[in-house]
Amino acid sequence: MQFYKYEGTGNDFVMIDNRMLQFQKDNTELIKKICDRRFGVGADGLILLENDESTDFKMVYYNSDGNESSMCGNGGRCLVAFAKKLGVISNQAVFIAVDGLHNATIDENGIVSLQMKDVDEVHEHENHVFLNTGSPHHVQLVEDLNIFDVRNEGARIRYSDLYGKAGSNINFVSQTDENKFALRTYERGVEDETLSCGTGATAVAIAMKATGKTESSVIQLRVEGGELEVSFIEKNGFFTQVFLKGPATFVFEGNMKLN
């Protein structure tokens, strides 16, 4: 089977054209093996591009543990670039994912702007904020982000009674300017820190606006793998026209034998 490797600010994915529905979607161990960085291609997740009657294509996303998961923002951006490479779209796309419809554009430099879901609930707690941007996200301000133990502290919160069996993605944040923030993310399903998380960056931007850390509605975010931008319209705590913008880069393609 032919596959394609893409990355969006260091968040990497194996892409497969599954319009003929030949991929073994129920084979969790196969997906896990493909994503394994020692025994497979290596990726944070695997994404299938499939036909959809009402939109340009359908996105089916699996975490590297082999399980189908909630929305992946960077994965969605990379899938738009993949769809353009396949000739499915030109510079604009409308596609369906697990959390609903998404609009997107891609420019000549491979910068993808992806519309995320509206957010109408931001739960503020004493030491953190929780919200869902297509995936659940815990957002927490910390000092010394560069040396913060993201993996162990992220795992502790992810598996705590706070989020139960379902768990949550965990984002640690520091403010670097009026509308600029740095973040590091522990992703459930990957069960480790990733270099970038699109729904996490979106969650951080909205959380910082909701808690008054910034007055801007265009937020610059530095992730471990590069730079992302999140913009939105906010009215009475309701966030619409939420867009995640950043690079989506083709890395390589190849063929693998599916056993």
# chains A, B, ... in the order shown; residues from 1 in each chain; ligands from 1
>>> residues_around(residues="stretch 128-137 of chain A", least_positions_apart="3", cutoff="10 Å", atoms="only C-alpha atoms", output="PyMOL selection string")
chain A and resi 69-73+97-100+116-125+140-141+158+163+166-172+185-188+198-204+206-208+210-211+242
>>> select_by_dssp(residues="stretch 11-242 of chain A", states="strand (DSSP E or B)", output="ChimeraX atom specification")
/A:11-17,45-50,57-63,68,92-97,100-106,111-115,119,122-124,129-132,136-141,169-177,180-187,192-194,218-223,226-235,238-242
>>> select_by_dssp(residues="stretch 111-202 of chain A", states="helix (DSSP H, G or I)", output="PyMOL selection string")
chain A and resi 145-147+150-158+198-202
>>> write_last_selection(atoms="all heavy atoms", output="compact mmCIF listing (two decimals), in the first residue's frame")
# COMPACT_ATOMS: atom_id res chain seq x y z
N LEU A 145 8.69 27.10 31.41
CA LEU A 145 8.14 26.12 30.47
C LEU A 145 9.22 25.30 29.80
O LEU A 145 9.03 24.10 29.54
CB LEU A 145 7.29 26.84 29.41
CG LEU A 145 6.60 25.97 28.36
CD1 LEU A 145 5.57 25.06 29.02
CD2 LEU A 145 5.95 26.83 27.28
N ASN A 146 10.36 25.90 29.53
CA ASN A 146 11.44 25.20 28.82
C ASN A 146 11.95 23.98 29.58
O ASN A 146 12.41 23.01 28.96
CB ASN A 146 12.61 26.15 28.55
CG ASN A 146 12.27 27.17 27.48
OD1 ASN A 146 11.37 26.97 26.67
ND2 ASN A 146 12.97 28.30 27.50
N ILE A 147 11.91 24.02 30.91
CA ILE A 147 12.43 22.90 31.70
C ILE A 147 11.33 22.14 32.42
O ILE A 147 11.59 21.25 33.22
CB ILE A 147 13.49 23.38 32.72
CG1 ILE A 147 12.87 24.41 33.68
CG2 ILE A 147 14.70 23.98 32.00
CD1 ILE A 147 13.81 24.79 34.83
N VAL A 150 6.92 18.01 31.17
CA VAL A 150 5.63 17.86 30.48
C VAL A 150 5.16 16.41 30.48
O VAL A 150 3.98 16.14 30.71
CB VAL A 150 5.74 18.40 29.04
CG1 VAL A 150 4.49 18.06 28.24
CG2 VAL A 150 5.96 19.91 29.06
N ARG A 151 6.07 15.51 30.22
CA ARG A 151 5.66 14.10 30.08
C ARG A 151 5.08 13.55 31.38
O ARG A 151 3.98 12.96 31.37
CB ARG A 151 6.86 13.25 29.63
CG ARG A 151 6.47 11.80 29.38
CD ARG A 151 7.63 10.99 28.84
NE ARG A 151 7.20 9.65 28.46
CZ ARG A 151 8.00 8.73 27.96
NH1 ARG A 151 9.28 9.01 27.74
NH2 ARG A 151 7.54 7.54 27.65
N ASN A 152 5.78 13.71 32.48
CA ASN A 152 5.31 13.12 33.73
C ASN A 152 4.14 13.89 34.33
O ASN A 152 3.17 13.29 34.80
CB ASN A 152 6.46 13.03 34.73
CG ASN A 152 7.46 11.96 34.37
OD1 ASN A 152 7.09 10.87 33.93
ND2 ASN A 152 8.74 12.24 34.53
N GLU A 153 4.21 15.21 34.31
CA GLU A 153 3.11 16.00 34.88
C GLU A 153 1.88 15.90 33.99
O GLU A 153 0.74 15.84 34.48
CB GLU A 153 3.54 17.45 35.05
CG GLU A 153 2.54 18.32 35.76
CD GLU A 153 2.23 17.91 37.19
OE1 GLU A 153 2.98 17.08 37.76
OE2 GLU A 153 1.23 18.40 37.75
N GLY A 154 2.10 15.85 32.67
CA GLY A 154 0.98 15.69 31.76
C GLY A 154 0.27 14.36 31.95
O GLY A 154 -0.96 14.30 31.98
N ALA A 155 1.05 13.30 32.09
CA ALA A 155 0.48 11.97 32.31
C ALA A 155 -0.28 11.92 33.64
O ALA A 155 -1.36 11.33 33.74
CB ALA A 155 1.57 10.92 32.28
N ARG A 156 0.27 12.55 34.66
CA ARG A 156 -0.38 12.55 35.97
C ARG A 156 -1.77 13.19 35.90
O ARG A 156 -2.75 12.63 36.41
CB ARG A 156 0.48 13.29 36.99
CG ARG A 156 -0.07 13.25 38.42
CD ARG A 156 0.67 14.18 39.33
NE ARG A 156 0.42 15.59 39.02
CZ ARG A 156 -0.70 16.24 39.37
NH1 ARG A 156 -1.66 15.61 40.03
NH2 ARG A 156 -0.85 17.51 39.05
N ILE A 157 -1.87 14.33 35.23
CA ILE A 157 -3.16 15.02 35.12
C ILE A 157 -4.10 14.27 34.18
O ILE A 157 -5.30 14.11 34.45
CB ILE A 157 -2.96 16.46 34.63
CG1 ILE A 157 -2.10 17.25 35.61
CG2 ILE A 157 -4.31 17.16 34.45
CD1 ILE A 157 -1.68 18.61 35.10
N ARG A 158 -3.56 13.77 33.08
CA ARG A 158 -4.37 13.05 32.09
C ARG A 158 -5.06 11.84 32.69
O ARG A 158 -6.21 11.54 32.38
CB ARG A 158 -3.47 12.64 30.91
CG ARG A 158 -4.20 11.86 29.79
CD ARG A 158 -3.88 10.38 29.90
NE ARG A 158 -4.23 9.64 28.70
CZ ARG A 158 -5.39 9.03 28.48
NH1 ARG A 158 -6.35 9.09 29.39
NH2 ARG A 158 -5.62 8.36 27.37
N GLY A 198 -2.62 20.93 17.21
CA GLY A 198 -3.45 21.96 16.63
C GLY A 198 -4.67 22.31 17.47
O GLY A 198 -4.97 23.48 17.69
N THR A 199 -5.40 21.28 17.92
CA THR A 199 -6.56 21.56 18.79
C THR A 199 -6.08 22.14 20.11
O THR A 199 -6.79 22.93 20.75
CB THR A 199 -7.40 20.30 19.03
OG1 THR A 199 -6.57 19.25 19.54
CG2 THR A 199 -8.09 19.85 17.75
N GLY A 200 -4.87 21.78 20.54
CA GLY A 200 -4.30 22.34 21.76
C GLY A 200 -3.95 23.80 21.61
O GLY A 200 -4.23 24.62 22.50
N ALA A 201 -3.33 24.16 20.49
CA ALA A 201 -3.03 25.56 20.22
C ALA A 201 -4.31 26.39 20.17
O ALA A 201 -4.37 27.51 20.69
CB ALA A 201 -2.25 25.69 18.92
N THR A 202 -5.34 25.83 19.55
CA THR A 202 -6.63 26.51 19.47
C THR A 202 -7.21 26.69 20.87
O THR A 202 -7.73 27.77 21.21
CB THR A 202 -7.60 25.69 18.60
OG1 THR A 202 -7.00 25.46 17.32
CG2 THR A 202 -8.91 26.42 18.41
>>> residues_around(residues="A:Leu228", least_positions_apart="3", cutoff="8 Å", atoms="only C-alpha atoms", output="PyMOL selection string")
chain A and resi 9+201+220-223+244-246
>>> closest_residue(among="A:Val230, A:Leu183, A:Met59, A:Cys78", to="A:Val94", atoms="only C-alpha atoms")
A:Met59
>>> residues_around(residues="A:Asn51", least_positions_apart="4", cutoff="12 Å", atoms="only C-alpha atoms", output="list of chain:residue names")
A:Asp17, A:Asn18, A:Arg19, A:Met20, A:Leu21, A:Thr55, A:Asp56, A:Phe57, A:Lys58, A:Met59, A:Val60, A:Ala83, A:Val88, A:Phe95, A:Ile96, A:Ala97
>>> closest_atom_pairs(of="stretch 66-133 of chain A", to="stretch 23-47 of chain A", cutoff="8 Å", atoms="only C-alpha atoms", output="JSON lines")
{"residue": "A:Gly66", "atom": "CA", "partner": "A:Lys32", "partner_atom": "CA", "distance": 4.4}
{"residue": "A:Asn67", "atom": "CA", "partner": "A:Thr28", "partner_atom": "CA", "distance": 6.2}
{"residue": "A:Gly75", "atom": "CA", "partner": "A:Ile47", "partner_atom": "CA", "distance": 7.4}
{"residue": "A:Leu79", "atom": "CA", "partner": "A:Ile47", "partner_atom": "CA", "distance": 7.6}
>>> write_last_selection(atoms="all heavy atoms", output="PDB file, in the first residue's frame")
ATOM      1  N   GLY A  66      -3.354   3.287  17.787  1.00  0.00           N
ATOM      2  CA  GLY A  66      -4.172   2.461  16.906  1.00  0.00           C
ATOM      3  C   GLY A  66      -5.660   2.697  16.994  1.00  0.00           C
ATOM      4  O   GLY A  66      -6.435   2.110  16.224  1.00  0.00           O
ATOM      5  N   ASN A  67      -6.068   3.569  17.895  1.00  0.00           N
ATOM      6  CA  ASN A  67      -7.499   3.794  18.099  1.00  0.00           C
ATOM      7  C   ASN A  67      -7.978   5.053  17.385  1.00  0.00           C
ATOM      8  O   ASN A  67      -7.281   6.074  17.366  1.00  0.00           O
ATOM      9  CB  ASN A  67      -7.791   3.927  19.599  1.00  0.00           C
ATOM     10  CG  ASN A  67      -7.549   2.632  20.346  1.00  0.00           C
ATOM     11  OD1 ASN A  67      -8.108   1.597  19.993  1.00  0.00           O
ATOM     12  ND2 ASN A  67      -6.710   2.678  21.367  1.00  0.00           N
ATOM     13  N   GLY A  75      -3.459  17.531  11.949  1.00  0.00           N
ATOM     14  CA  GLY A  75      -3.755  16.456  11.006  1.00  0.00           C
ATOM     15  C   GLY A  75      -4.720  16.904   9.932  1.00  0.00           C
ATOM     16  O   GLY A  75      -4.571  16.567   8.750  1.00  0.00           O
ATOM     17  N   LEU A  79      -4.031  17.036   6.003  1.00  0.00           N
ATOM     18  CA  LEU A  79      -4.901  16.308   5.083  1.00  0.00           C
ATOM     19  C   LEU A  79      -5.352  17.203   3.928  1.00  0.00           C
ATOM     20  O   LEU A  79      -5.513  16.732   2.799  1.00  0.00           O
ATOM     21  CB  LEU A  79      -6.112  15.745   5.827  1.00  0.00           C
ATOM     22  CG  LEU A  79      -6.976  14.769   5.028  1.00  0.00           C
ATOM     23  CD1 LEU A  79      -6.186  13.527   4.635  1.00  0.00           C
ATOM     24  CD2 LEU A  79      -8.220  14.375   5.817  1.00  0.00           C
TER      25      LEU A  79
END
>>> closest_residue(among="A:Lys165, A:Arg184, A:Lys257, A:Lys209", to="A:Asn236", atoms="only C-alpha atoms")
A:Lys209
>>> closest_residue(among="A:Val190, A:Ala205, A:Met256, A:Ile233", to="A:Asn11", atoms="only C-alpha atoms")
A:Val190
>>> atom_distance(atom1="atom CA of A:Leu195", atom2="atom CA of A:Asp161")
26.2 Å
>>> closest_residue(among="A:Phe181, A:Glu126, A:Phe82, A:Gln241", to="A:Ile106", atoms="only C-alpha atoms")
A:Phe82
>>> closest_residue(among="A:Arg77, A:Asp177, A:Leu86, A:Ala93", to="A:Tyr4", atoms="only C-alpha atoms")
A:Leu86
